[in-house]
Amino acid sequence: MSLSNGFGWIRTGLKFSLVVLLSLWAISSASALEVSFDAPDKVSLGEPFVVSLTVSGDVDKCTLSWRGRNYPLSLSAADGGVSKGVALLGTDAARSPAEGEVIKIWVRSKGINYMSRWKIDVISKSYPAERLSVPAAMVNPPGSERDRIAGERKAVRKVLRAYSPQLYWSLPMVRPVTGIVTSVYGKRRIYNGIPRSRHGGVDYRASVGTPIKCASPGRVVLTGDHYYAGKSIYVDHGGSVVSMYFHLYEIDVREGQFVRAGEVIGKTGRSGRVTGPHLHFGVSVGGRMVDPSILVEGDLERLTESNLSGRMVFP
């Protein structure tokens, strides 16, 4: 038998009071469980954001649910007998804005599941369009390449939707090359007059053979020579955060290898669908492409400066 009750967060941010819903699937006479949660109340399409959780009391498991995906949150012991965890989440510029999107916070303590909701408005953001001329086969691939493309997409989806509990990512991320930005995140790509999907990353100008630095510590989970992306590297940084590097001339790492932030993993080129030599750098969070420039330019303090803080005490 389940019980549902409504409670309000005790705000410590002093910006305003936000009422959330709480569902208790069981009630225990054990000591109180206190949960503090920090998150923004609004984000723009394409922007990554950070949420953090502090739990005082026994906790067996914690999971965040955001826009249809579950994110198991690894908690570690901290001073004062509390457990803390942090997660990097995000939205995709290709999605639609929505008011009142909800993060569900699941906490399991001594066999009891607690669930609360935190509302976030996902607001629209204007992105430019870009017209490009490429070989016709790069817009409408020949039938002989369709199986190859389908297989590559399947392998990439598997990598981007995986979850690694060990967190390696850190902020700010390392800029992979020093060249200027030639194409920003979120642009609507129009190839040979035909609209295609938005640009899922940032393009940096780089001559063929420029060394590429890994953006953050992690494990190489996929390499290959793909039809559109050319020679590519995918690095898993834990917590559903994956960085990717496209159009390479040379791949200098192997799948399964652990790499450090700033370590050279390959060299830039012009493989795949390109109009010239450059590096495409992207970051996926929970399978959603976010603006990587925010993660390169901002540290943890900058990404959390507008977060609100709340506290909930469960019986």
# chains A, B, ... in the order shown; residues from 1 in each chain; ligands from 1
$ residues_around --residues "Val134 in chain A" --least-positions-apart "4" --cutoff "12 Å" --atoms "only C-alpha atoms" --output "PyMOL selection string"
chain A and resi 138-141+189-194+228+272-276
$ closest_atom_pairs --of "range 228-292 of chain A" --to "range 57-75 of chain A" --cutoff "8 Å" --atoms "only C-alpha atoms" --output "CSV"
residue,atom,partner,partner_atom,distance
A:Gly239,CA,A:Tyr71,CA,7.3
A:Ser240,CA,A:Tyr71,CA,7.9
A:Gly286,CA,A:Arg69,CA,7.2
$ atom_distance --atom1 "CA of Tyr163 in chain A" --atom2 "CA of Val241 in chain A"
8.3 Å
$ select_by_dssp --residues "range 95-286 of chain A" --states "strand (DSSP E or B)" --output "PyMOL selection string"
chain A and resi 98-109+112-123+129-132+181-183+188-191+194-198+202-205+211-213+218-226+230-236+241-251+258-259+264-269+278-285
$ residues_around --residues "Lys125 in chain A" --least-positions-apart "5" --cutoff "12 Å" --atoms "only C-alpha atoms" --output "list of chain:residue names"
A:Val43, A:Ser44, A:Leu45, A:Gly46, A:Glu47, A:Thr91, A:Asp92, A:Ala93, A:Ala94, A:Arg95, A:Ser96, A:Pro97, A:Ala98, A:Tyr185, A:Gly186, A:Lys187, A:Asp291
$ write_last_selection --atoms "C-alpha atoms" --output "PDB file, in the first residue's frame"
ATOM      1  CA  VAL A  43      17.890  26.153 -18.495  1.00  0.00           C
ATOM      2  CA  SER A  44      18.122  27.009 -22.193  1.00  0.00           C
ATOM      3  CA  LEU A  45      17.947  24.423 -24.948  1.00  0.00           C
ATOM      4  CA  GLY A  46      21.399  23.040 -25.595  1.00  0.00           C
ATOM      5  CA  GLU A  47      22.868  23.993 -22.232  1.00  0.00           C
ATOM      6  CA  THR A  91      19.248  19.533 -22.937  1.00  0.00           C
ATOM      7  CA  ASP A  92      19.613  19.260 -26.699  1.00  0.00           C
ATOM      8  CA  ALA A  93      19.181  22.180 -29.115  1.00  0.00           C
ATOM      9  CA  ALA A  94      17.250  19.849 -31.406  1.00  0.00           C
ATOM     10  CA  ARG A  95      14.495  19.355 -28.804  1.00  0.00           C
ATOM     11  CA  SER A  96      11.528  21.599 -27.974  1.00  0.00           C
ATOM     12  CA  PRO A  97      11.230  24.007 -25.021  1.00  0.00           C
ATOM     13  CA  ALA A  98       8.943  22.995 -22.185  1.00  0.00           C
ATOM     14  CA  TYR A 185      26.997  24.569 -31.528  1.00  0.00           C
ATOM     15  CA  GLY A 186      23.331  24.508 -32.484  1.00  0.00           C
ATOM     16  CA  LYS A 187      23.536  25.810 -36.063  1.00  0.00           C
ATOM     17  CA  ASP A 291      27.016  22.884 -26.084  1.00  0.00           C
TER      18      ASP A 291
END
$ atom_distance --atom1 "CA of Tyr249 in chain A" --atom2 "CA of Asp225 in chain A"
9.9 Å
$ residues_around --residues "His237 in chain A" --least-positions-apart "4" --cutoff "7 Å" --atoms "only C-alpha atoms" --output "ChimeraX atom specification"
/A:167-169,216-219,241-242
$ residues_around --residues "Val202 in chain A" --least-positions-apart "4" --cutoff "10 Å" --atoms "only C-alpha atoms" --output "PyMOL selection string"
chain A and resi 181-187+279-283+291-293
$ select_by_dssp --residues "range 35-216 of chain A" --states "helix (DSSP H, G or I)" --output "list in words"
Ala136, Ala137, Met138, Gly143, Ser144, Glu145, Arg146, Asp147, Arg148, Ile149, Ala150, Gly151, Glu152, Arg153, Lys154, Ala155, Val156, Arg157, Lys158, Val159 and Leu160 of chain A
$ residues_around --residues "range 33-35 of chain A" --least-positions-apart "3" --cutoff "12 Å" --atoms "only C-alpha atoms" --output "PDB file with N, CA and C atoms, in the first residue's frame"
ATOM      1  N   TRP A   9       9.769  22.336  -0.350  1.00  0.00           N
ATOM      2  CA  TRP A   9      11.188  22.440  -0.041  1.00  0.00           C
ATOM      3  C   TRP A   9      11.418  23.624   0.890  1.00  0.00           C
ATOM      4  N   ILE A  10      12.353  23.487   1.819  1.00  0.00           N
ATOM      5  CA  ILE A  10      12.808  24.599   2.632  1.00  0.00           C
ATOM      6  C   ILE A  10      13.928  25.276   1.852  1.00  0.00           C
ATOM      7  N   ILE A  27       6.612   4.151   4.875  1.00  0.00           N
ATOM      8  CA  ILE A  27       6.981   5.045   5.972  1.00  0.00           C
ATOM      9  C   ILE A  27       7.613   4.210   7.083  1.00  0.00           C
ATOM     10  N   SER A  28       8.703   4.704   7.594  1.00  0.00           N
ATOM     11  CA  SER A  28       9.436   3.959   8.611  1.00  0.00           C
ATOM     12  C   SER A  28       9.516   4.777   9.896  1.00  0.00           C
ATOM     13  N   SER A  29       9.690   4.126  11.001  1.00  0.00           N
ATOM     14  CA  SER A  29       9.861   4.810  12.271  1.00  0.00           C
ATOM     15  C   SER A  29      11.332   5.086  12.559  1.00  0.00           C
ATOM     16  N   ALA A  30      12.174   4.810  11.563  1.00  0.00           N
ATOM     17  CA  ALA A  30      13.615   5.028  11.736  1.00  0.00           C
ATOM     18  C   ALA A  30      13.907   6.512  11.823  1.00  0.00           C
ATOM     19  N   ASP A  38      20.583  20.767  -4.988  1.00  0.00           N
ATOM     20  CA  ASP A  38      20.863  22.026  -5.681  1.00  0.00           C
ATOM     21  C   ASP A  38      20.688  21.834  -7.173  1.00  0.00           C
ATOM     22  N   SER A  52      23.457  18.750  -7.642  1.00  0.00           N
ATOM     23  CA  SER A  52      24.182  18.078  -6.567  1.00  0.00           C
ATOM     24  C   SER A  52      23.219  17.669  -5.469  1.00  0.00           C
ATOM     25  N   LEU A  53      23.613  16.650  -4.721  1.00  0.00           N
ATOM     26  CA  LEU A  53      22.752  16.081  -3.694  1.00  0.00           C
ATOM     27  C   LEU A  53      23.592  15.794  -2.460  1.00  0.00           C
ATOM     28  N   THR A  54      23.048  16.126  -1.306  1.00  0.00           N
ATOM     29  CA  THR A  54      23.676  15.786  -0.031  1.00  0.00           C
ATOM     30  C   THR A  54      22.646  15.068   0.823  1.00  0.00           C
ATOM     31  N   VAL A  55      22.997  13.896   1.337  1.00  0.00           N
ATOM     32  CA  VAL A  55      22.076  13.079   2.123  1.00  0.00           C
ATOM     33  C   VAL A  55      22.652  12.870   3.511  1.00  0.00           C
ATOM     34  N   SER A  56      21.864  13.201   4.516  1.00  0.00           N
ATOM     35  CA  SER A  56      22.236  12.943   5.900  1.00  0.00           C
ATOM     36  C   SER A  56      21.370  11.789   6.401  1.00  0.00           C
ATOM     37  N   GLY A  57      22.003  10.678   6.699  1.00  0.00           N
ATOM     38  CA  GLY A  57      21.272   9.478   7.082  1.00  0.00           C
ATOM     39  C   GLY A  57      21.704   8.314   6.222  1.00  0.00           C
ATOM     40  N   ASP A  58      21.209   7.132   6.538  1.00  0.00           N
ATOM     41  CA  ASP A  58      21.567   5.947   5.769  1.00  0.00           C
ATOM     42  C   ASP A  58      20.940   6.004   4.385  1.00  0.00           C
ATOM     43  N   VAL A  59      21.737   5.762   3.358  1.00  0.00           N
ATOM     44  CA  VAL A  59      21.226   5.745   1.992  1.00  0.00           C
ATOM     45  C   VAL A  59      21.813   4.545   1.254  1.00  0.00           C
ATOM     46  N   ASP A  60      20.929   3.789   0.616  1.00  0.00           N
ATOM     47  CA  ASP A  60      21.359   2.605  -0.121  1.00  0.00           C
ATOM     48  C   ASP A  60      21.580   2.901  -1.599  1.00  0.00           C
ATOM     49  N   CYS A  62      20.666   6.053  -4.931  1.00  0.00           N
ATOM     50  CA  CYS A  62      20.078   7.318  -5.355  1.00  0.00           C
ATOM     51  C   CYS A  62      20.058   7.371  -6.878  1.00  0.00           C
ATOM     52  N   GLY A  81      29.382  12.973   8.434  1.00  0.00           N
ATOM     53  CA  GLY A  81      28.523  11.803   8.310  1.00  0.00           C
ATOM     54  C   GLY A  81      27.484  11.893   7.216  1.00  0.00           C
ATOM     55  N   VAL A  82      27.724  12.748   6.217  1.00  0.00           N
ATOM     56  CA  VAL A  82      26.784  12.868   5.106  1.00  0.00           C
ATOM     57  C   VAL A  82      27.368  12.219   3.863  1.00  0.00           C
ATOM     58  N   SER A  83      26.497  11.967   2.884  1.00  0.00           N
ATOM     59  CA  SER A  83      26.908  11.436   1.582  1.00  0.00           C
ATOM     60  C   SER A  83      26.604  12.479   0.514  1.00  0.00           C
ATOM     61  N   LYS A  84      27.538  12.638  -0.437  1.00  0.00           N
ATOM     62  CA  LYS A  84      27.360  13.650  -1.470  1.00  0.00           C
ATOM     63  C   LYS A  84      27.529  13.059  -2.857  1.00  0.00           C
ATOM     64  N   GLY A  85      26.804  13.652  -3.806  1.00  0.00           N
ATOM     65  CA  GLY A  85      26.911  13.233  -5.198  1.00  0.00           C
ATOM     66  C   GLY A  85      26.672  14.407  -6.125  1.00  0.00           C
ATOM     67  N   ILE A 105      13.838  12.768  -8.066  1.00  0.00           N
ATOM     68  CA  ILE A 105      14.951  12.406  -7.181  1.00  0.00           C
ATOM     69  C   ILE A 105      14.522  11.195  -6.362  1.00  0.00           C
ATOM     70  N   TRP A 106      15.144  10.057  -6.633  1.00  0.00           N
ATOM     71  CA  TRP A 106      14.822   8.833  -5.911  1.00  0.00           C
ATOM     72  C   TRP A 106      15.930   8.559  -4.885  1.00  0.00           C
ATOM     73  N   VAL A 107      15.529   8.354  -3.635  1.00  0.00           N
ATOM     74  CA  VAL A 107      16.479   7.993  -2.589  1.00  0.00           C
ATOM     75  C   VAL A 107      15.948   6.751  -1.883  1.00  0.00           C
ATOM     76  N   ARG A 108      16.788   5.727  -1.785  1.00  0.00           N
ATOM     77  CA  ARG A 108      16.406   4.501  -1.090  1.00  0.00           C
ATOM     78  C   ARG A 108      17.215   4.411   0.197  1.00  0.00           C
ATOM     79  N   SER A 109      16.498   4.288   1.314  1.00  0.00           N
ATOM     80  CA  SER A 109      17.135   4.221   2.618  1.00  0.00           C
ATOM     81  C   SER A 109      16.502   3.116   3.445  1.00  0.00           C
ATOM     82  N   LYS A 110      17.316   2.154   3.866  1.00  0.00           N
ATOM     83  CA  LYS A 110      16.856   1.033   4.689  1.00  0.00           C
ATOM     84  C   LYS A 110      15.642   0.339   4.080  1.00  0.00           C
ATOM     85  N   ILE A 112      13.480   1.542   2.027  1.00  0.00           N
ATOM     86  CA  ILE A 112      12.346   2.424   1.769  1.00  0.00           C
ATOM     87  C   ILE A 112      12.703   3.369   0.630  1.00  0.00           C
ATOM     88  N   ASN A 113      11.810   3.506  -0.331  1.00  0.00           N
ATOM     89  CA  ASN A 113      12.021   4.393  -1.470  1.00  0.00           C
ATOM     90  C   ASN A 113      11.298   5.717  -1.263  1.00  0.00           C
ATOM     91  N   TYR A 114      12.038   6.815  -1.445  1.00  0.00           N
ATOM     92  CA  TYR A 114      11.474   8.161  -1.388  1.00  0.00           C
ATOM     93  C   TYR A 114      11.648   8.818  -2.754  1.00  0.00           C
ATOM     94  N   MET A 115      10.626   9.550  -3.173  1.00  0.00           N
ATOM     95  CA  MET A 115      10.730  10.218  -4.468  1.00  0.00           C
ATOM     96  C   MET A 115      10.171  11.632  -4.387  1.00  0.00           C
ATOM     97  N   SER A 116      10.936  12.607  -4.875  1.00  0.00           N
ATOM     98  CA  SER A 116      10.463  13.984  -4.924  1.00  0.00           C
ATOM     99  C   SER A 116      10.683  14.530  -6.323  1.00  0.00           C
ATOM    100  N   SER A 309      18.854  26.156  -3.863  1.00  0.00           N
ATOM    101  CA  SER A 309      19.113  25.108  -2.878  1.00  0.00           C
ATOM    102  C   SER A 309      17.864  24.826  -2.076  1.00  0.00           C
ATOM    103  N   GLY A 310      17.583  23.556  -1.878  1.00  0.00           N
ATOM    104  CA  GLY A 310      16.431  23.165  -1.082  1.00  0.00           C
ATOM    105  C   GLY A 310      16.789  22.053  -0.119  1.00  0.00           C
ATOM    106  N   ARG A 311      15.967  21.869   0.896  1.00  0.00           N
ATOM    107  CA  ARG A 311      16.216  20.818   1.888  1.00  0.00           C
ATOM    108  C   ARG A 311      14.894  20.132   2.227  1.00  0.00           C
ATOM    109  N   MET A 312      14.937  18.824   2.309  1.00  0.00           N
ATOM    110  CA  MET A 312      13.746  18.049   2.657  1.00  0.00           C
ATOM    111  C   MET A 312      14.089  17.071   3.770  1.00  0.00           C
ATOM    112  N   VAL A 313      13.214  16.974   4.746  1.00  0.00           N
ATOM    113  CA  VAL A 313      13.398  16.015   5.831  1.00  0.00           C
ATOM    114  C   VAL A 313      12.257  14.998   5.765  1.00  0.00           C
ATOM    115  N   PHE A 314      12.625  13.734   5.682  1.00  0.00           N
ATOM    116  CA  PHE A 314      11.637  12.651   5.608  1.00  0.00           C
ATOM    117  C   PHE A 314      11.524  11.985   6.967  1.00  0.00           C
ATOM    118  N   PRO A 315      10.334  11.557   7.339  1.00  0.00           N
ATOM    119  CA  PRO A 315      10.155  10.884   8.644  1.00  0.00           C
ATOM    120  C   PRO A 315      10.796   9.521   8.656  1.00  0.00           C
TER     121      PRO A 315
END
